[in-house]
>>> print(open('coords.pdb').read())   # PDB, N, CA and C atoms
ATOM      1  N   MET A   1      10.430  11.798 -21.217
ATOM      2  CA  MET A   1       9.763  12.420 -20.073
ATOM      3  C   MET A   1      10.473  13.726 -19.729
ATOM      4  N   ALA A   2       9.714  14.769 -19.506
ATOM      5  CA  ALA A   2      10.290  16.078 -19.197
ATOM      6  C   ALA A   2      10.781  16.119 -17.755
ATOM      7  N   ASP A   3      11.836  16.899 -17.547
ATOM      8  CA  ASP A   3      12.334  17.102 -16.191
ATOM      9  C   ASP A   3      11.317  17.900 -15.389
ATOM     10  N   VAL A   4      11.180  17.587 -14.125
ATOM     11  CA  VAL A   4      10.291  18.327 -13.241
ATOM     12  C   VAL A   4      11.149  19.215 -12.357
ATOM     13  N   PHE A   5      10.843  20.498 -12.380
ATOM     14  CA  PHE A   5      11.579  21.448 -11.574
ATOM     15  C   PHE A   5      10.664  22.033 -10.512
ATOM     16  N   ALA A   6      11.240  22.370  -9.387
ATOM     17  CA  ALA A   6      10.519  23.085  -8.347
ATOM     18  C   ALA A   6      11.033  24.518  -8.351
ATOM     19  N   TYR A   7      10.105  25.440  -8.355
ATOM     20  CA  TYR A   7      10.446  26.862  -8.330
ATOM     21  C   TYR A   7      10.082  27.425  -6.963
ATOM     22  N   PHE A   8      10.901  28.354  -6.509
ATOM     23  CA  PHE A   8      10.720  28.937  -5.192
ATOM     24  C   PHE A   8      10.701  30.457  -5.296
ATOM     25  N   ILE A   9       9.890  31.087  -4.463
ATOM     26  CA  ILE A   9       9.929  32.539  -4.368
ATOM     27  C   ILE A   9      11.324  32.909  -3.889
ATOM     28  N   THR A  10      11.955  33.828  -4.600
ATOM     29  CA  THR A  10      13.333  34.194  -4.316
ATOM     30  C   THR A  10      13.449  35.709  -4.310
ATOM     31  N   ALA A  11      14.082  36.250  -3.301
ATOM     32  CA  ALA A  11      14.243  37.698  -3.177
ATOM     33  C   ALA A  11      15.722  38.053  -3.222
ATOM     34  N   PHE A  12      16.033  39.113  -3.958
ATOM     35  CA  PHE A  12      17.401  39.629  -3.974
ATOM     36  C   PHE A  12      17.468  40.707  -2.911
ATOM     37  N   VAL A  13      18.268  40.452  -1.876
ATOM     38  CA  VAL A  13      18.340  41.365  -0.737
ATOM     39  C   VAL A  13      19.742  41.939  -0.578
ATOM     40  N   ILE A  14      19.776  43.146  -0.048
ATOM     41  CA  ILE A  14      21.021  43.809   0.320
ATOM     42  C   ILE A  14      20.982  43.958   1.839
ATOM     43  N   THR A  15      22.056  43.507   2.488
ATOM     44  CA  THR A  15      22.122  43.559   3.950
ATOM     45  C   THR A  15      23.456  44.173   4.382
ATOM     46  N   THR A  16      23.640  44.241   5.675
ATOM     47  CA  THR A  16      24.921  44.692   6.214
ATOM     48  C   THR A  16      25.869  43.514   6.431
ATOM     49  N   ASN A  17      25.433  42.304   6.064
ATOM     50  CA  ASN A  17      26.278  41.109   6.179
ATOM     51  C   ASN A  17      27.373  41.140   5.120
ATOM     52  N   VAL A  18      28.331  40.225   5.229
ATOM     53  CA  VAL A  18      29.387  40.098   4.233
ATOM     54  C   VAL A  18      29.300  38.688   3.659
ATOM     55  N   PRO A  19      29.140  38.548   2.349
ATOM     56  CA  PRO A  19      28.885  39.592   1.353
ATOM     57  C   PRO A  19      27.489  40.199   1.544
ATOM     58  N   PRO A  20      27.333  41.432   1.123
ATOM     59  CA  PRO A  20      26.100  42.154   1.425
ATOM     60  C   PRO A  20      24.890  41.786   0.567
ATOM     61  N   ALA A  21      25.091  41.266  -0.626
ATOM     62  CA  ALA A  21      23.980  40.973  -1.525
ATOM     63  C   ALA A  21      23.799  39.476  -1.674
ATOM     64  N   GLY A  22      22.547  39.052  -1.776
ATOM     65  CA  GLY A  22      22.302  37.633  -1.981
ATOM     66  C   GLY A  22      20.858  37.337  -2.316
ATOM     67  N   TRP A  23      20.666  36.149  -2.851
ATOM     68  CA  TRP A  23      19.344  35.647  -3.199
ATOM     69  C   TRP A  23      18.844  34.777  -2.057
ATOM     70  N   LEU A  24      17.700  35.143  -1.503
ATOM     71  CA  LEU A  24      17.070  34.457  -0.380
ATOM     72  C   LEU A  24      15.879  33.682  -0.907
ATOM     73  N   GLN A  25      15.778  32.392  -0.579
ATOM     74  CA  GLN A  25      14.664  31.597  -1.077
ATOM     75  C   GLN A  25      13.727  31.157   0.034
ATOM     76  N   TYR A  26      12.451  31.160  -0.297
ATOM     77  CA  TYR A  26      11.429  30.602   0.576
ATOM     78  C   TYR A  26      11.410  29.095   0.388
ATOM     79  N   THR A  27      10.751  28.374   1.268
ATOM     80  CA  THR A  27      10.761  26.914   1.217
ATOM     81  C   THR A  27       9.581  26.315   0.459
ATOM     82  N   GLN A  28       8.512  27.069   0.264
ATOM     83  CA  GLN A  28       7.354  26.542  -0.457
ATOM     84  C   GLN A  28       7.686  26.384  -1.938
ATOM     85  N   ALA A  29       7.477  25.193  -2.466
ATOM     86  CA  ALA A  29       7.795  24.910  -3.865
ATOM     87  C   ALA A  29       6.560  25.053  -4.747
ATOM     88  N   PHE A  30       6.798  25.467  -5.978
ATOM     89  CA  PHE A  30       5.767  25.574  -7.006
ATOM     90  C   PHE A  30       6.212  24.745  -8.200
ATOM     91  N   THR A  31       5.265  24.166  -8.909
ATOM     92  CA  THR A  31       5.612  23.317 -10.048
ATOM     93  C   THR A  31       5.896  24.120 -11.313
ATOM     94  N   ASP A  32       5.500  25.388 -11.334
ATOM     95  CA  ASP A  32       5.830  26.222 -12.495
ATOM     96  C   ASP A  32       6.033  27.667 -12.070
ATOM     97  N   ARG A  33       6.775  28.393 -12.894
ATOM     98  CA  ARG A  33       7.094  29.795 -12.591
ATOM     99  C   ARG A  33       5.852  30.674 -12.547
ATOM    100  N   ALA A  34       4.897  30.395 -13.411
ATOM    101  CA  ALA A  34       3.694  31.235 -13.472
ATOM    102  C   ALA A  34       2.947  31.228 -12.137
ATOM    103  N   ALA A  35       2.779  30.059 -11.536
ATOM    104  CA  ALA A  35       2.098  29.972 -10.242
ATOM    105  C   ALA A  35       2.897  30.694  -9.168
ATOM    106  N   CYS A  36       4.203  30.538  -9.194
ATOM    107  CA  CYS A  36       5.086  31.197  -8.236
ATOM    108  C   CYS A  36       4.988  32.722  -8.371
ATOM    109  N   ARG A  37       5.068  33.199  -9.606
ATOM    110  CA  ARG A  37       4.999  34.644  -9.845
ATOM    111  C   ARG A  37       3.645  35.225  -9.471
ATOM    112  N   TYR A  38       2.598  34.452  -9.616
ATOM    113  CA  TYR A  38       1.267  34.893  -9.209
ATOM    114  C   TYR A  38       1.237  35.151  -7.699
ATOM    115  N   ILE A  39       1.831  34.260  -6.934
ATOM    116  CA  ILE A  39       1.869  34.418  -5.474
ATOM    117  C   ILE A  39       2.675  35.664  -5.098
ATOM    118  N   ILE A  40       3.771  35.909  -5.799
ATOM    119  CA  ILE A  40       4.555  37.124  -5.538
ATOM    120  C   ILE A  40       3.686  38.354  -5.795
ATOM    121  N   LYS A  41       3.014  38.360  -6.917
ATOM    122  CA  LYS A  41       2.178  39.516  -7.278
ATOM    123  C   LYS A  41       1.085  39.756  -6.238
ATOM    124  N   GLN A  42       0.471  38.687  -5.767
ATOM    125  CA  GLN A  42      -0.615  38.807  -4.803
ATOM    126  C   GLN A  42      -0.138  39.144  -3.391
ATOM    127  N   GLY A  43       1.073  38.704  -3.036
ATOM    128  CA  GLY A  43       1.510  38.859  -1.645
ATOM    129  C   GLY A  43       2.814  39.593  -1.440
ATOM    130  N   LYS A  44       3.185  40.456  -2.383
ATOM    131  CA  LYS A  44       4.491  41.127  -2.308
ATOM    132  C   LYS A  44       4.675  41.913  -1.006
ATOM    133  N   ASP A  45       3.660  42.632  -0.581
ATOM    134  CA  ASP A  45       3.783  43.413   0.656
ATOM    135  C   ASP A  45       4.050  42.506   1.864
ATOM    136  N   ASN A  46       3.358  41.379   1.922
ATOM    137  CA  ASN A  46       3.556  40.439   3.017
ATOM    138  C   ASN A  46       4.951  39.804   2.959
ATOM    139  N   LEU A  47       5.411  39.492   1.751
ATOM    140  CA  LEU A  47       6.754  38.940   1.592
ATOM    141  C   LEU A  47       7.813  39.934   2.077
ATOM    142  N   MET A  48       7.625  41.201   1.720
ATOM    143  CA  MET A  48       8.571  42.242   2.157
ATOM    144  C   MET A  48       8.585  42.332   3.683
ATOM    145  N   LEU A  49       7.431  42.282   4.288
ATOM    146  CA  LEU A  49       7.331  42.359   5.748
ATOM    147  C   LEU A  49       8.020  41.166   6.414
ATOM    148  N   GLN A  50       7.866  39.981   5.849
ATOM    149  CA  GLN A  50       8.519  38.793   6.389
ATOM    150  C   GLN A  50      10.044  38.944   6.350
ATOM    151  N   ILE A  51      10.553  39.458   5.248
ATOM    152  CA  ILE A  51      12.002  39.641   5.125
ATOM    153  C   ILE A  51      12.495  40.702   6.104
ATOM    154  N   LYS A  52      11.751  41.788   6.238
ATOM    155  CA  LYS A  52      12.126  42.835   7.203
ATOM    156  C   LYS A  52      12.158  42.272   8.616
ATOM    157  N   ASN A  53      11.190  41.451   8.961
ATOM    158  CA  ASN A  53      11.148  40.842  10.294
ATOM    159  C   ASN A  53      12.293  39.855  10.498
ATOM    160  N   GLN A  54      12.703  39.174   9.448
ATOM    161  CA  GLN A  54      13.791  38.206   9.540
ATOM    162  C   GLN A  54      15.143  38.887   9.751
ATOM    163  N   PHE A  55      15.422  39.922   8.966
ATOM    164  CA  PHE A  55      16.742  40.560   8.994
ATOM    165  C   PHE A  55      16.835  41.751   9.938
ATOM    166  N   LYS A  56      15.703  42.314  10.298
ATOM    167  CA  LYS A  56      15.631  43.478  11.194
ATOM    168  C   LYS A  56      16.567  44.594  10.732
ATOM    169  N   GLU A  57      17.426  45.079  11.607
ATOM    170  CA  GLU A  57      18.288  46.222  11.276
ATOM    171  C   GLU A  57      19.399  45.883  10.279
ATOM    172  N   LYS A  58      19.622  44.608  10.004
ATOM    173  CA  LYS A  58      20.651  44.222   9.035
ATOM    174  C   LYS A  58      20.186  44.399   7.584
ATOM    175  N   LEU A  59      18.877  44.541   7.379
ATOM    176  CA  LEU A  59      18.347  44.690   6.025
ATOM    177  C   LEU A  59      18.557  46.109   5.516
ATOM    178  N   VAL A  60      19.163  46.229   4.353
ATOM    179  CA  VAL A  60      19.311  47.523   3.683
ATOM    180  C   VAL A  60      18.152  47.696   2.716
ATOM    181  N   SER A  61      17.916  46.681   1.854
ATOM    182  CA  SER A  61      16.801  46.767   0.909
ATOM    183  C   SER A  61      16.473  45.396   0.328
ATOM    184  N   VAL A  62      15.243  45.295  -0.145
ATOM    185  CA  VAL A  62      14.814  44.160  -0.947
ATOM    186  C   VAL A  62      14.715  44.705  -2.357
ATOM    187  N   GLU A  63      15.586  44.230  -3.231
ATOM    188  CA  GLU A  63      15.685  44.792  -4.577
ATOM    189  C   GLU A  63      14.630  44.255  -5.537
ATOM    190  N   THR A  64      14.393  42.950  -5.492
ATOM    191  CA  THR A  64      13.439  42.359  -6.425
ATOM    192  C   THR A  64      13.041  40.972  -5.960
ATOM    193  N   PHE A  65      11.942  40.495  -6.500
ATOM    194  CA  PHE A  65      11.490  39.126  -6.299
ATOM    195  C   PHE A  65      11.470  38.420  -7.643
ATOM    196  N   ASP A  66      11.726  37.119  -7.618
ATOM    197  CA  ASP A  66      11.615  36.305  -8.816
ATOM    198  C   ASP A  66      11.338  34.873  -8.371
ATOM    199  N   CYS A  67      11.158  33.989  -9.325
ATOM    200  CA  CYS A  67      10.961  32.576  -9.044
ATOM    201  C   CYS A  67      12.068  31.816  -9.746
ATOM    202  N   MET A  68      12.756  30.971  -8.988
ATOM    203  CA  MET A  68      13.847  30.208  -9.580
ATOM    204  C   MET A  68      14.032  28.899  -8.832
ATOM    205  N   THR A  69      14.772  28.003  -9.465
ATOM    206  CA  THR A  69      15.091  26.719  -8.843
ATOM    207  C   THR A  69      16.183  26.937  -7.795
ATOM    208  N   ARG A  70      16.393  25.936  -6.972
ATOM    209  CA  ARG A  70      17.483  26.002  -5.990
ATOM    210  C   ARG A  70      18.820  26.147  -6.707
ATOM    211  N   GLU A  71      18.989  25.413  -7.799
ATOM    212  CA  GLU A  71      20.238  25.463  -8.554
ATOM    213  C   GLU A  71      20.508  26.868  -9.104
ATOM    214  N   GLU A  72      19.479  27.502  -9.633
ATOM    215  CA  GLU A  72      19.648  28.865 -10.157
ATOM    216  C   GLU A  72      20.078  29.829  -9.043
ATOM    217  N   ALA A  73      19.442  29.730  -7.891
ATOM    218  CA  ALA A  73      19.792  30.600  -6.769
ATOM    219  C   ALA A  73      21.204  30.328  -6.281
ATOM    220  N   THR A  74      21.579  29.058  -6.223
ATOM    221  CA  THR A  74      22.929  28.697  -5.794
ATOM    222  C   THR A  74      23.970  29.269  -6.751
ATOM    223  N   GLN A  75      23.736  29.150  -8.039
ATOM    224  CA  GLN A  75      24.673  29.689  -9.032
ATOM    225  C   GLN A  75      24.802  31.205  -8.899
ATOM    226  N   ARG A  76      23.691  31.887  -8.733
ATOM    227  CA  ARG A  76      23.735  33.344  -8.591
ATOM    228  C   ARG A  76      24.451  33.759  -7.309
ATOM    229  N   ASN A  77      24.187  33.044  -6.210
ATOM    230  CA  ASN A  77      24.847  33.374  -4.947
ATOM    231  C   ASN A  77      26.339  33.069  -4.999
ATOM    232  N   THR A  78      26.720  32.039  -5.708
ATOM    233  CA  THR A  78      28.133  31.710  -5.866
ATOM    234  C   THR A  78      28.857  32.852  -6.575
ATOM    235  N   LYS A  79      28.231  33.412  -7.592
ATOM    236  CA  LYS A  79      28.818  34.547  -8.316
ATOM    237  C   LYS A  79      28.964  35.777  -7.431
ATOM    238  N   LEU A  80      28.117  35.851  -6.383
ATOM    239  CA  LEU A  80      28.167  36.984  -5.462
ATOM    240  C   LEU A  80      29.119  36.753  -4.290
ATOM    241  N   GLY A  81      29.776  35.583  -4.270
ATOM    242  CA  GLY A  81      30.754  35.315  -3.227
ATOM    243  C   GLY A  81      30.254  34.508  -2.046
ATOM    244  N   HIS A  82      29.124  33.867  -2.177
ATOM    245  CA  HIS A  82      28.594  33.028  -1.096
ATOM    246  C   HIS A  82      29.125  31.633  -1.204
TER     247      HIS A  82
END
>>> encode(input="coords.pdb", output="structure tokens")
Amino acid sequence: MADVFAYFITAFVITTNVPPAGWLQYTQAFTDRAACRYIIKQGKDNLMLQIKNQFKEKLVSVETFDCMTREEATQRNTKLGH
């Protein structure tokens, strides 16, 4: 039986926080990357607006969006000092 993974919309953001860079994940899960990436493509402007509203003046930039598991995001954030 194949492992089942949940993928989440994930944004790489730069902020004025310490450490300044990190991967931010949304809570809605997708069963495959293709479905997740489709939602990013269709709603990128709205996703950017949500992040801007969340971080307000602390946001420097949203560098990219991707779809990854919680484990992948945790590993990447650990490498960034989180």
>>> resolve_selection(input="coords.pdb", expression="the PyMOL selection byres ((chain A and resi 7-19) around 7)", output="MDAnalysis selection string")
chainID A and resid 5:6 20:33 36 57:70 80:82
>>> axis_aligned_box(input="coords.pdb", around="stretch 33-51 of chain A", padding_each_side="6 Å", output="JSON")
{"center_x": 5.9, "center_y": 35.9, "center_z": -3.5, "size_x": 25.1, "size_y": 27.0, "size_z": 31.9}
>>> select_by_dssp(input="coords.pdb", residues="stretch 10-70 of chain A", states="strand (DSSP E)", output="list in words")
Thr10, Ala11, Phe12, Val13, Ile14, Thr15, Ala21, Gly22, Trp23, Leu24, Gln25, Tyr26, Thr27, Gln28, Ala29, Phe30, Leu59, Val60, Ser61, Val62, Glu63, Thr64, Phe65, Asp66, Cys67 and Met68 of chain A
>>> select_by_dssp(input="coords.pdb", residues="chain A", states="alpha helix (DSSP H)", output="PyMOL selection string")
chain A and resi 33-55+70-79
>>> atom_distance(input="coords.pdb", atom1="atom CA of A:Gln50", atom2="atom CA of A:Lys79")
25.4 Å
>>> atom_distance(input="coords.pdb", atom1="atom CA of A:Asp45", atom2="atom CA of A:Thr78")
27.8 Å
>>> decode(input="coords.pdb", residues="stretch 2-26 of chain A", atoms="N, CA and C atoms", output="PDB file, in the first residue's frame")
ATOM      1  N   ALA A   2       0.562   2.197  -0.837  1.00  0.00           N
ATOM      2  CA  ALA A   2       1.358   3.420  -0.942  1.00  0.00           C
ATOM      3  C   ALA A   2       1.072   4.346   0.233  1.00  0.00           C
ATOM      4  N   ASP A   3       2.100   5.094   0.618  1.00  0.00           N
ATOM      5  CA  ASP A   3       1.921   6.095   1.664  1.00  0.00           C
ATOM      6  C   ASP A   3       1.025   7.212   1.152  1.00  0.00           C
ATOM      7  N   VAL A   4       0.193   7.747   2.010  1.00  0.00           N
ATOM      8  CA  VAL A   4      -0.663   8.869   1.655  1.00  0.00           C
ATOM      9  C   VAL A   4      -0.075  10.119   2.287  1.00  0.00           C
ATOM     10  N   PHE A   5       0.170  11.112   1.453  1.00  0.00           N
ATOM     11  CA  PHE A   5       0.721  12.360   1.933  1.00  0.00           C
ATOM     12  C   PHE A   5      -0.298  13.472   1.750  1.00  0.00           C
ATOM     13  N   ALA A   6      -0.256  14.435   2.633  1.00  0.00           N
ATOM     14  CA  ALA A   6      -1.061  15.637   2.489  1.00  0.00           C
ATOM     15  C   ALA A   6      -0.118  16.763   2.091  1.00  0.00           C
ATOM     16  N   TYR A   7      -0.512  17.480   1.070  1.00  0.00           N
ATOM     17  CA  TYR A   7       0.276  18.615   0.590  1.00  0.00           C
ATOM     18  C   TYR A   7      -0.459  19.900   0.941  1.00  0.00           C
ATOM     19  N   PHE A   8       0.319  20.916   1.262  1.00  0.00           N
ATOM     20  CA  PHE A   8      -0.240  22.187   1.684  1.00  0.00           C
ATOM     21  C   PHE A   8       0.359  23.318   0.857  1.00  0.00           C
ATOM     22  N   ILE A   9      -0.451  24.324   0.572  1.00  0.00           N
ATOM     23  CA  ILE A   9       0.074  25.524  -0.062  1.00  0.00           C
ATOM     24  C   ILE A   9       1.090  26.118   0.900  1.00  0.00           C
ATOM     25  N   THR A  10       2.275  26.405   0.386  1.00  0.00           N
ATOM     26  CA  THR A  10       3.370  26.876   1.219  1.00  0.00           C
ATOM     27  C   THR A  10       4.022  28.071   0.545  1.00  0.00           C
ATOM     28  N   ALA A  11       4.242  29.124   1.289  1.00  0.00           N
ATOM     29  CA  ALA A  11       4.849  30.339   0.749  1.00  0.00           C
ATOM     30  C   ALA A  11       6.177  30.599   1.443  1.00  0.00           C
ATOM     31  N   PHE A  12       7.172  30.978   0.650  1.00  0.00           N
ATOM     32  CA  PHE A  12       8.458  31.382   1.215  1.00  0.00           C
ATOM     33  C   PHE A  12       8.403  32.887   1.386  1.00  0.00           C
ATOM     34  N   VAL A  13       8.447  33.331   2.642  1.00  0.00           N
ATOM     35  CA  VAL A  13       8.297  34.754   2.943  1.00  0.00           C
ATOM     36  C   VAL A  13       9.548  35.310   3.610  1.00  0.00           C
ATOM     37  N   ILE A  14       9.769  36.587   3.364  1.00  0.00           N
ATOM     38  CA  ILE A  14      10.829  37.343   4.020  1.00  0.00           C
ATOM     39  C   ILE A  14      10.124  38.399   4.870  1.00  0.00           C
ATOM     40  N   THR A  15      10.499  38.452   6.148  1.00  0.00           N
ATOM     41  CA  THR A  15       9.868  39.397   7.072  1.00  0.00           C
ATOM     42  C   THR A  15      10.950  40.154   7.848  1.00  0.00           C
ATOM     43  N   THR A  16      10.501  41.008   8.731  1.00  0.00           N
ATOM     44  CA  THR A  16      11.428  41.703   9.621  1.00  0.00           C
ATOM     45  C   THR A  16      11.638  40.917  10.913  1.00  0.00           C
ATOM     46  N   ASN A  17      11.018  39.736  11.019  1.00  0.00           N
ATOM     47  CA  ASN A  17      11.190  38.873  12.193  1.00  0.00           C
ATOM     48  C   ASN A  17      12.581  38.249  12.183  1.00  0.00           C
ATOM     49  N   VAL A  18      12.950  37.602  13.284  1.00  0.00           N
ATOM     50  CA  VAL A  18      14.220  36.893  13.369  1.00  0.00           C
ATOM     51  C   VAL A  18      13.901  35.429  13.655  1.00  0.00           C
ATOM     52  N   PRO A  19      14.351  34.509  12.811  1.00  0.00           N
ATOM     53  CA  PRO A  19      15.015  34.711  11.521  1.00  0.00           C
ATOM     54  C   PRO A  19      14.039  35.299  10.493  1.00  0.00           C
ATOM     55  N   PRO A  20      14.576  36.007   9.527  1.00  0.00           N
ATOM     56  CA  PRO A  20      13.719  36.754   8.609  1.00  0.00           C
ATOM     57  C   PRO A  20      13.033  35.927   7.523  1.00  0.00           C
ATOM     58  N   ALA A  21      13.572  34.783   7.159  1.00  0.00           N
ATOM     59  CA  ALA A  21      13.011  33.990   6.069  1.00  0.00           C
ATOM     60  C   ALA A  21      12.382  32.721   6.607  1.00  0.00           C
ATOM     61  N   GLY A  22      11.279  32.317   5.993  1.00  0.00           N
ATOM     62  CA  GLY A  22      10.655  31.073   6.418  1.00  0.00           C
ATOM     63  C   GLY A  22       9.558  30.626   5.479  1.00  0.00           C
ATOM     64  N   TRP A  23       9.221  29.360   5.616  1.00  0.00           N
ATOM     65  CA  TRP A  23       8.150  28.743   4.844  1.00  0.00           C
ATOM     66  C   TRP A  23       6.882  28.762   5.682  1.00  0.00           C
ATOM     67  N   LEU A  24       5.843  29.386   5.152  1.00  0.00           N
ATOM     68  CA  LEU A  24       4.548  29.537   5.807  1.00  0.00           C
ATOM     69  C   LEU A  24       3.566  28.595   5.139  1.00  0.00           C
ATOM     70  N   GLN A  25       2.849  27.784   5.919  1.00  0.00           N
ATOM     71  CA  GLN A  25       1.908  26.845   5.326  1.00  0.00           C
ATOM     72  C   GLN A  25       0.467  27.180   5.666  1.00  0.00           C
ATOM     73  N   TYR A  26      -0.388  26.971   4.684  1.00  0.00           N
ATOM     74  CA  TYR A  26      -1.827  27.066   4.882  1.00  0.00           C
ATOM     75  C   TYR A  26      -2.312  25.765   5.498  1.00  0.00           C
TER      76      TYR A  26
END
